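K.L.:
For reference, the file final.cif (mmCIF, C-alpha atoms) is included below:
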data_coords
#
loop_
_atom_site.group_PDB
_atom_site.id
_atom_site.type_symbol
_atom_site.label_atom_id
_atom_site.label_comp_id
_atom_site.auth_asym_id
_atom_site.auth_seq_id
_atom_site.Cartn_x
_atom_site.Cartn_y
_atom_site.Cartn_z
ATOM 1 C CA MET A 1 -17.168 8.443 -2.535
ATOM 2 C CA ASN A 2 -18.214 5.234 -4.306
ATOM 3 C CA GLU A 3 -16.509 2.219 -5.845
ATOM 4 C CA ASP A 4 -15.327 4.198 -8.892
ATOM 5 C CA ILE A 5 -12.340 5.354 -6.836
ATOM 6 C CA VAL A 6 -11.194 1.709 -6.793
ATOM 7 C CA PHE A 7 -11.769 1.143 -10.512
ATOM 8 C CA LYS A 8 -9.753 4.285 -11.256
ATOM 9 C CA TYR A 9 -6.630 2.642 -9.837
ATOM 10 C CA PHE A 10 -7.478 -0.977 -10.651
ATOM 11 C CA PRO A 11 -8.859 -0.936 -14.210
ATOM 12 C CA GLU A 12 -7.713 -4.544 -14.655
ATOM 13 C CA LEU A 13 -10.424 -5.920 -12.346
ATOM 14 C CA ASP A 14 -12.764 -8.283 -14.191
ATOM 15 C CA ASP A 15 -16.589 -8.194 -14.073
ATOM 16 C CA VAL A 16 -16.845 -10.557 -11.099
ATOM 17 C CA GLN A 17 -14.314 -8.559 -9.111
ATOM 18 C CA ARG A 18 -16.034 -5.284 -9.968
ATOM 19 C CA LYS A 19 -19.390 -6.630 -8.807
ATOM 20 C CA ARG A 20 -17.836 -7.769 -5.554
ATOM 21 C CA ILE A 21 -16.170 -4.391 -4.970
ATOM 22 C CA ALA A 22 -19.476 -2.627 -5.711
ATOM 23 C CA ALA A 23 -21.282 -4.940 -3.275
ATOM 24 C CA LEU A 24 -19.013 -3.975 -0.365
ATOM 25 C CA GLY A 25 -20.824 -0.675 0.236
ATOM 26 C CA PRO A 26 -24.330 -2.152 0.690
ATOM 27 C CA LEU A 27 -23.012 -5.172 2.608
ATOM 28 C CA TYR A 28 -21.052 -3.120 5.126
ATOM 29 C CA ALA A 29 -23.891 -0.625 5.487
ATOM 30 C CA GLU A 30 -26.206 -3.515 6.334
ATOM 31 C CA TRP A 31 -23.859 -5.252 8.758
ATOM 32 C CA ASN A 32 -22.571 -2.065 10.351
ATOM 33 C CA ALA A 33 -26.138 -1.185 11.296
ATOM 34 C CA LYS A 34 -26.320 -4.483 13.229
ATOM 35 C CA ILE A 35 -22.738 -4.800 14.485
ATOM 36 C CA ASN A 36 -20.659 -1.648 14.622
ATOM 37 C CA VAL A 37 -17.308 -2.606 13.062
ATOM 38 C CA ILE A 38 -16.650 0.685 11.230
ATOM 39 C CA SER A 39 -17.267 4.088 12.810
ATOM 40 C CA ARG A 40 -20.616 5.478 11.659
ATOM 41 C CA LYS A 41 -19.059 8.675 10.301
ATOM 42 C CA ASP A 42 -16.497 6.651 8.366
ATOM 43 C CA MET A 43 -19.075 4.645 6.433
ATOM 44 C CA ASP A 44 -19.439 7.533 3.948
ATOM 45 C CA SER A 45 -15.757 7.108 3.124
ATOM 46 C CA LEU A 46 -15.737 3.310 3.062
ATOM 47 C CA TYR A 47 -14.159 3.003 -0.374
ATOM 48 C CA LEU A 48 -11.455 5.615 0.221
ATOM 49 C CA HIS A 49 -10.546 4.976 3.869
ATOM 50 C CA HIS A 50 -10.966 1.216 3.973
ATOM 51 C CA VAL A 51 -11.198 -0.483 0.576
ATOM 52 C CA LEU A 52 -8.612 1.523 -1.368
ATOM 53 C CA HIS A 53 -6.323 1.771 1.669
ATOM 54 C CA SER A 54 -6.387 -2.034 1.907
ATOM 55 C CA LEU A 55 -5.667 -2.400 -1.793
ATOM 56 C CA ALA A 56 -2.437 -0.425 -1.420
ATOM 57 C CA LEU A 57 -0.995 -3.760 -0.286
ATOM 58 C CA VAL A 58 -2.040 -5.355 -3.575
ATOM 59 C CA LYS A 59 -0.215 -2.581 -5.457
ATOM 60 C CA TYR A 60 2.887 -3.191 -3.362
ATOM 61 C CA ILE A 61 2.742 -6.972 -3.795
ATOM 62 C CA ARG A 62 2.404 -6.715 -7.566
ATOM 63 C CA ASP A 63 4.957 -3.940 -7.990
ATOM 64 C CA ASN A 64 7.516 -6.026 -6.124
ATOM 65 C CA GLY A 65 6.681 -9.350 -7.768
ATOM 66 C CA LEU A 66 5.948 -11.111 -4.472
ATOM 67 C CA MET A 67 3.215 -13.499 -5.754
ATOM 68 C CA PRO A 68 2.197 -15.010 -2.375
ATOM 69 C CA ALA A 69 0.186 -18.227 -2.191
ATOM 70 C CA SER A 70 -1.181 -17.371 1.271
ATOM 71 C CA ILE A 71 -1.694 -14.274 3.422
ATOM 72 C CA PHE A 72 -2.649 -13.982 7.097
ATOM 73 C CA ASP A 73 -4.606 -10.860 8.128
ATOM 74 C CA ALA A 74 -3.922 -10.354 11.842
ATOM 75 C CA GLY A 75 -6.537 -8.317 13.699
ATOM 76 C CA CYS A 76 -8.734 -8.030 10.628
ATOM 77 C CA GLY A 77 -11.603 -6.261 12.368
ATOM 78 C CA GLY A 78 -14.562 -6.274 10.002
ATOM 79 C CA GLY A 79 -12.398 -7.521 7.135
ATOM 80 C CA PHE A 80 -9.730 -4.938 6.286
ATOM 81 C CA PRO A 81 -7.347 -5.279 4.599
ATOM 82 C CA GLY A 82 -8.176 -8.945 3.950
ATOM 83 C CA ILE A 83 -11.557 -8.813 2.179
ATOM 84 C CA PRO A 84 -10.615 -6.248 -0.522
ATOM 85 C CA MET A 85 -7.290 -8.038 -1.023
ATOM 86 C CA ALA A 86 -9.043 -11.390 -1.430
ATOM 87 C CA ILE A 87 -11.298 -9.895 -4.103
ATOM 88 C CA ALA A 88 -8.333 -8.519 -6.029
ATOM 89 C CA MET A 89 -6.169 -11.633 -5.542
ATOM 90 C CA PRO A 90 -8.397 -14.691 -6.112
ATOM 91 C CA GLU A 91 -5.321 -16.845 -6.693
ATOM 92 C CA CYS A 92 -4.182 -16.315 -3.084
ATOM 93 C CA ARG A 93 -5.555 -17.974 0.068
ATOM 94 C CA PHE A 94 -6.417 -15.597 2.930
ATOM 95 C CA ILE A 95 -6.824 -16.286 6.625
ATOM 96 C CA LEU A 96 -8.636 -13.438 8.407
ATOM 97 C CA CYS A 97 -8.198 -13.518 12.163
ATOM 98 C CA ASP A 98 -9.623 -11.429 14.988
ATOM 99 C CA SER A 99 -10.132 -12.045 18.702
ATOM 100 C CA ILE A 100 -13.583 -10.411 18.733
ATOM 101 C CA ALA A 101 -16.340 -12.837 17.740
ATOM 102 C CA LYS A 102 -18.767 -10.257 16.333
ATOM 103 C CA LYS A 103 -16.128 -8.970 13.929
ATOM 104 C CA ILE A 104 -15.426 -12.467 12.632
ATOM 105 C CA LYS A 105 -19.170 -12.942 12.194
ATOM 106 C CA VAL A 106 -19.219 -9.902 9.885
ATOM 107 C CA VAL A 107 -16.187 -11.214 7.979
ATOM 108 C CA THR A 108 -17.837 -14.631 7.598
ATOM 109 C CA GLU A 109 -21.128 -13.180 6.374
ATOM 110 C CA VAL A 110 -19.533 -10.676 3.980
ATOM 111 C CA ALA A 111 -17.190 -13.286 2.493
ATOM 112 C CA GLY A 112 -20.127 -15.675 2.125
ATOM 113 C CA SER A 113 -22.329 -13.078 0.453
ATOM 114 C CA LEU A 114 -19.541 -12.266 -1.998
ATOM 115 C CA GLY A 115 -18.821 -15.928 -2.731
ATOM 116 C CA LEU A 116 -15.160 -15.584 -1.719
ATOM 117 C CA LYS A 117 -13.876 -19.157 -1.592
ATOM 118 C CA ASN A 118 -10.325 -18.006 -0.802
ATOM 119 C CA VAL A 119 -11.197 -16.524 2.624
ATOM 120 C CA SER A 120 -11.018 -18.493 5.898
ATOM 121 C CA PRO A 121 -12.248 -16.516 8.949
ATOM 122 C CA VAL A 122 -10.695 -17.464 12.315
ATOM 123 C CA TRP A 123 -11.869 -16.327 15.749
ATOM 124 C CA SER A 124 -8.740 -16.318 17.895
ATOM 125 C CA ARG A 125 -5.888 -14.281 19.240
ATOM 126 C CA THR A 126 -2.960 -14.530 16.856
ATOM 127 C CA GLU A 127 -0.588 -15.639 19.601
ATOM 128 C CA ASP A 128 -2.804 -18.679 20.307
ATOM 129 C CA LEU A 129 -2.563 -20.087 16.787
ATOM 130 C CA GLY A 130 -0.199 -22.882 15.807
ATOM 131 C CA ALA A 131 1.993 -23.570 12.812
ATOM 132 C CA GLY A 132 -0.977 -24.804 10.768
ATOM 133 C CA TYR A 133 -1.983 -21.179 10.228
ATOM 134 C CA ARG A 134 1.416 -20.075 8.937
ATOM 135 C CA CYS A 135 1.279 -18.135 5.645
ATOM 136 C CA ASP A 136 3.753 -16.497 3.288
ATOM 137 C CA TYR A 137 2.987 -13.025 4.630
ATOM 138 C CA VAL A 138 1.191 -11.422 7.553
ATOM 139 C CA VAL A 139 -0.696 -8.200 6.819
ATOM 140 C CA SER A 140 -2.390 -5.853 9.251
ATOM 141 C CA ARG A 141 -3.691 -2.345 9.622
ATOM 142 C CA ALA A 142 -2.343 -0.490 12.665
ATOM 143 C CA VAL A 143 -3.799 -2.820 15.269
ATOM 144 C CA THR A 144 -1.136 -1.852 17.819
ATOM 145 C CA GLU A 145 2.410 -0.539 18.086
ATOM 146 C CA LEU A 146 4.767 -2.375 15.760
ATOM 147 C CA ARG A 147 7.026 -3.534 18.610
ATOM 148 C CA ARG A 148 4.014 -5.207 20.226
ATOM 149 C CA PHE A 149 2.663 -6.612 16.983
ATOM 150 C CA VAL A 150 5.772 -8.372 15.699
ATOM 151 C CA PRO A 151 6.100 -10.855 18.601
ATOM 152 C CA LEU A 152 2.402 -11.769 18.261
ATOM 153 C CA ALA A 153 2.708 -12.541 14.553
ATOM 154 C CA ARG A 154 6.258 -13.771 14.175
ATOM 155 C CA HIS A 155 5.300 -17.457 14.073
ATOM 156 C CA LEU A 156 2.641 -16.903 11.402
ATOM 157 C CA TYR A 157 4.724 -15.888 8.381
ATOM 158 C CA SER A 158 7.518 -17.449 6.373
ATOM 159 C CA LYS A 159 8.463 -14.422 4.265
ATOM 160 C CA GLY A 160 7.503 -11.208 6.048
ATOM 161 C CA ILE A 161 5.091 -8.593 7.361
ATOM 162 C CA LEU A 162 3.271 -5.819 5.477
ATOM 163 C CA TYR A 163 1.849 -3.324 7.970
ATOM 164 C CA LEU A 164 -0.379 -0.358 7.138
ATOM 165 C CA LYS A 165 0.139 2.714 9.300
ATOM 166 C CA GLY A 166 0.286 6.496 9.040
ATOM 167 C CA GLY A 167 2.333 9.382 10.374
ATOM 168 C CA ASP A 168 5.985 9.721 11.319
ATOM 169 C CA LEU A 169 7.035 6.145 11.984
ATOM 170 C CA SER A 170 10.776 6.565 12.579
ATOM 171 C CA GLU A 171 10.620 6.230 16.379
ATOM 172 C CA GLU A 172 8.130 3.356 16.237
ATOM 173 C CA ILE A 173 10.293 1.433 13.760
ATOM 174 C CA ALA A 174 13.445 2.123 15.793
ATOM 175 C CA ALA A 175 11.759 0.791 18.950
ATOM 176 C CA CYS A 176 10.620 -2.323 17.089
ATOM 177 C CA VAL A 177 14.076 -2.974 15.649
ATOM 178 C CA ARG A 178 15.634 -2.588 19.085
ATOM 179 C CA GLU A 179 13.124 -4.544 21.180
ATOM 180 C CA CYS A 180 12.347 -7.305 18.655
ATOM 181 C CA ARG A 181 15.997 -7.695 17.636
ATOM 182 C CA ILE A 182 15.342 -7.125 13.965
ATOM 183 C CA ASN A 183 18.135 -6.241 11.583
ATOM 184 C CA PRO A 184 17.501 -2.633 10.449
ATOM 185 C CA ALA A 185 18.259 -3.713 6.867
ATOM 186 C CA ASP A 186 15.175 -5.959 6.985
ATOM 187 C CA VAL A 187 12.792 -3.006 7.474
ATOM 188 C CA SER A 188 11.633 -0.497 4.878
ATOM 189 C CA THR A 189 8.690 1.827 4.298
ATOM 190 C CA THR A 190 6.720 2.654 1.167
ATOM 191 C CA ASP A 191 4.610 5.810 0.805
ATOM 192 C CA ILE A 192 1.065 4.986 -0.304
ATOM 193 C CA SER A 193 0.884 8.480 -1.824
ATOM 194 C CA GLY A 194 3.057 7.018 -4.557
ATOM 195 C CA TYR A 195 0.111 4.824 -5.529
ATOM 196 C CA PHE A 196 -2.912 7.027 -4.826
ATOM 197 C CA SER A 197 -3.129 10.813 -5.212
ATOM 198 C CA GLU A 198 -5.959 11.524 -2.731
ATOM 199 C CA GLU A 199 -5.044 13.708 0.273
ATOM 200 C CA PHE A 200 -6.068 10.940 2.689
ATOM 201 C CA PHE A 201 -2.985 8.939 1.691
ATOM 202 C CA GLU A 202 -0.398 11.715 2.133
ATOM 203 C CA SER A 203 0.928 10.348 5.430
ATOM 204 C CA LYS A 204 -0.045 6.696 4.967
ATOM 205 C CA LYS A 205 2.694 4.100 4.646
ATOM 206 C CA ILE A 206 3.374 0.401 4.298
ATOM 207 C CA ILE A 207 5.966 -0.875 6.759
ATOM 208 C CA CYS A 208 7.711 -3.907 5.274
ATOM 209 C CA ILE A 209 9.625 -6.380 7.425
ATOM 210 C CA PHE A 210 11.325 -9.044 5.313
ATOM 211 C CA PRO A 211 13.853 -10.998 7.367
ATOM 212 C CA GLN A 212 16.834 -12.026 5.263
ATOM 213 C CA LYS A 213 19.562 -14.513 6.000
ATOM 214 C CA HIS A 214 22.603 -12.511 7.091
#
Before we go any further, please render this structure as structure tokens.

P.N.:
Amino acid sequence: MNEDIVFKYFPELDDVQRKRIAALGPLYAEWNAKINVISRKDMDSLYLHHVLHSLALVKYIRDNGLMPASIFDAGCGGGFPGIPMAIAMPECRFILCDSIAKKIKVVTEVAGSLGLKNVSPVWSRTEDLGAGYRCDYVVSRAVTELRRFVPLARHLYSKGILYLKGGDLSEEIAACVRECRINPADVSTTDISGYFSEEFFESKKIICIFPQKH
């Protein structure tokens, strides 16, 4: 499945953005052959499983009028969701962080090849970063259980967390609310199947944690 799956849902992308989206396939094929950051069998579904999945966050952000100036991608791996988001949201600054050096090398090279000036790769564990890395939102894609993730990222956002994950999340969210002392009213989920009709997204969700003043 090629980049047309992205253009189907994001017809508003301009020529530069379309060229960058189209370049992701060859770039990741090249880098994945050198440094395995995406499973070999998954490369055939790069645009569906990785690019479009990442862009679900852009749909959510726009649908809810969030308009962030900065986003922190915690545990970005080879660049998801951060790289596709940075292409679609050139007005927003992105920090892409991972603790594995080879993954940040791929992020750095891909962002450089695409000419993405709004991407800053960081090689670090999120818990080791200071307030200088704080952004409006933290995004991530199922790097660990939510109850483990929230304490690692809590100091890095001012407005909230958008977390991509699939399956029945009720127990995981309940454990996070209980252990991280989050007000249940601050947590919601959005079904990605409401954005994209492909079967892959049937059980995929965005977990939203937006702490409010109570």

K.L.:
Please evaluate the PyMOL selection byres ((chain A and resi 8) around 12) against the structure above and give the resulting residues as a short mmCIF file (atom, residue, chain, number, x, y, z; two decimals) with C-alpha atoms, in the frame of the given file.

P.N.:
data_model
loop_
_atom_site.label_atom_id
_atom_site.label_comp_id
_atom_site.auth_asym_id
_atom_site.auth_seq_id
_atom_site.Cartn_x
_atom_site.Cartn_y
_atom_site.Cartn_z
CA ASN A 2 -18.21 5.23 -4.31
CA GLU A 3 -16.51 2.22 -5.84
CA ASP A 4 -15.33 4.20 -8.89
CA ILE A 5 -12.34 5.35 -6.84
CA VAL A 6 -11.19 1.71 -6.79
CA PHE A 7 -11.77 1.14 -10.51
CA TYR A 9 -6.63 2.64 -9.84
CA PHE A 10 -7.48 -0.98 -10.65
CA PRO A 11 -8.86 -0.94 -14.21
CA GLU A 12 -7.71 -4.54 -14.66
CA LEU A 13 -10.42 -5.92 -12.35
CA ARG A 18 -16.03 -5.28 -9.97
CA TYR A 47 -14.16 3.00 -0.37
CA LEU A 48 -11.46 5.62 0.22
CA LEU A 52 -8.61 1.52 -1.37
CA TYR A 195 0.11 4.82 -5.53
CA PHE A 196 -2.91 7.03 -4.83
CA SER A 197 -3.13 10.81 -5.21
CA GLU A 198 -5.96 11.52 -2.73
#

K.L.:
Which one is closest to Lys19 (chain A): A:Arg40, A:Leu114, A:Met85, A:Gly79? Count all atoms listed in the file.

P.N.:
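Smallest separation from Lys19 (chain A) among the options: A:Leu114.
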
K.L.:
Please write as a PDB file with C-alpha atoms, in the coordinates of the input the full residue list that the PyMOL selection byres ((chain A and resi 115-127) around 7) yields on this file.

P.N.:
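Resulting contents of out-v9.pdb:
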ATOM      1  CA  ALA A  74      -3.922 -10.354  11.842  1.00  0.00           C
ATOM      2  CA  ALA A  86      -9.043 -11.390  -1.430  1.00  0.00           C
ATOM      3  CA  PRO A  90      -8.397 -14.691  -6.112  1.00  0.00           C
ATOM      4  CA  CYS A  92      -4.182 -16.315  -3.084  1.00  0.00           C
ATOM      5  CA  ARG A  93      -5.555 -17.974   0.068  1.00  0.00           C
ATOM      6  CA  PHE A  94      -6.417 -15.597   2.930  1.00  0.00           C
ATOM      7  CA  ILE A  95      -6.824 -16.286   6.625  1.00  0.00           C
ATOM      8  CA  LEU A  96      -8.636 -13.438   8.407  1.00  0.00           C
ATOM      9  CA  CYS A  97      -8.198 -13.518  12.163  1.00  0.00           C
ATOM     10  CA  ASP A  98      -9.623 -11.429  14.988  1.00  0.00           C
ATOM     11  CA  SER A  99     -10.132 -12.045  18.702  1.00  0.00           C
ATOM     12  CA  ILE A 100     -13.583 -10.411  18.733  1.00  0.00           C
ATOM     13  CA  ALA A 101     -16.340 -12.837  17.740  1.00  0.00           C
ATOM     14  CA  ILE A 104     -15.426 -12.467  12.632  1.00  0.00           C
ATOM     15  CA  VAL A 107     -16.187 -11.214   7.979  1.00  0.00           C
ATOM     16  CA  THR A 108     -17.837 -14.631   7.598  1.00  0.00           C
ATOM     17  CA  ALA A 111     -17.190 -13.286   2.493  1.00  0.00           C
ATOM     18  CA  GLY A 112     -20.127 -15.675   2.125  1.00  0.00           C
ATOM     19  CA  SER A 113     -22.329 -13.078   0.453  1.00  0.00           C
ATOM     20  CA  LEU A 114     -19.541 -12.266  -1.998  1.00  0.00           C
ATOM     21  CA  ASP A 128      -2.804 -18.679  20.307  1.00  0.00           C
ATOM     22  CA  LEU A 129      -2.563 -20.087  16.787  1.00  0.00           C
ATOM     23  CA  LEU A 152       2.402 -11.769  18.261  1.00  0.00           C
ATOM     24  CA  ALA A 153       2.708 -12.541  14.553  1.00  0.00           C
TER      25      ALA A 153
END

K.L.:
How many Å lie between CA of Phe149 (chain A) and CA of Leu169 (chain A), rounded to one decimal?

P.N.:
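A separation of 14.4 Å between them.
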
K.L.:
Using all atoms listed in the file, which protein or nucleic acid residues come within 7 Å of region 24-34 of chain A? Drop anything in the same chain fewer than 3 positions from it, and give the result as a PyMOL selection string.

P.N.:
chain A and resi 20-21+37-38+106+110

K.L.:
Return the single residue from A:Val177, A:Leu156, A:Ile192, A:Val150 that is closest to Tyr60 (chain A), with distances computed using all atoms listed in the file.

P.N.:
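Looking only at the distances to Tyr60 (chain A), the closest residue turns out to be A:Ile192.
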
K.L.:
Ranking A:Lys159, A:Arg141, A:Arg154, A:Arg147 by minimum distance to Pro68 (chain A) and counting only C-alpha atoms, which one comes first?

P.N.:
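Ranking A:Lys159, A:Arg141, A:Arg154, A:Arg147 by distance to Pro68 (chain A), first place goes to A:Lys159.
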
K.L.:
Give as a list in words the residues that the PyMOL selection byres ((chain A and resi 140) around 8) matches when applied to the coordinates above.

P.N.:
Asp73, Ala74, Gly75, Cys76, Phe80, Pro81, Val138, Val139, Arg141, Ala142, Val143, Leu162, Tyr163 and Leu164 of chain A

K.L.:
Of the candidates A:Ile87, A:Ala56, A:Asn64, A:Asp168, which shows the shortest atom-to-atom distance to Ala22 (chain A), using only C-alpha atoms?

P.N.:
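Residue with the minimum atom-to-atom distance to Ala22 (chain A): A:Ile87.
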
K.L.:
Name the closest residue to Thr144 (chain A) among the candidates A:Ser158, A:Lys165, A:Phe200, A:Asp191; distances are taken between atoms, counting all atoms listed in the file.

P.N.:
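With all atoms listed in the file as the atom set, the closest residue is A:Lys165.
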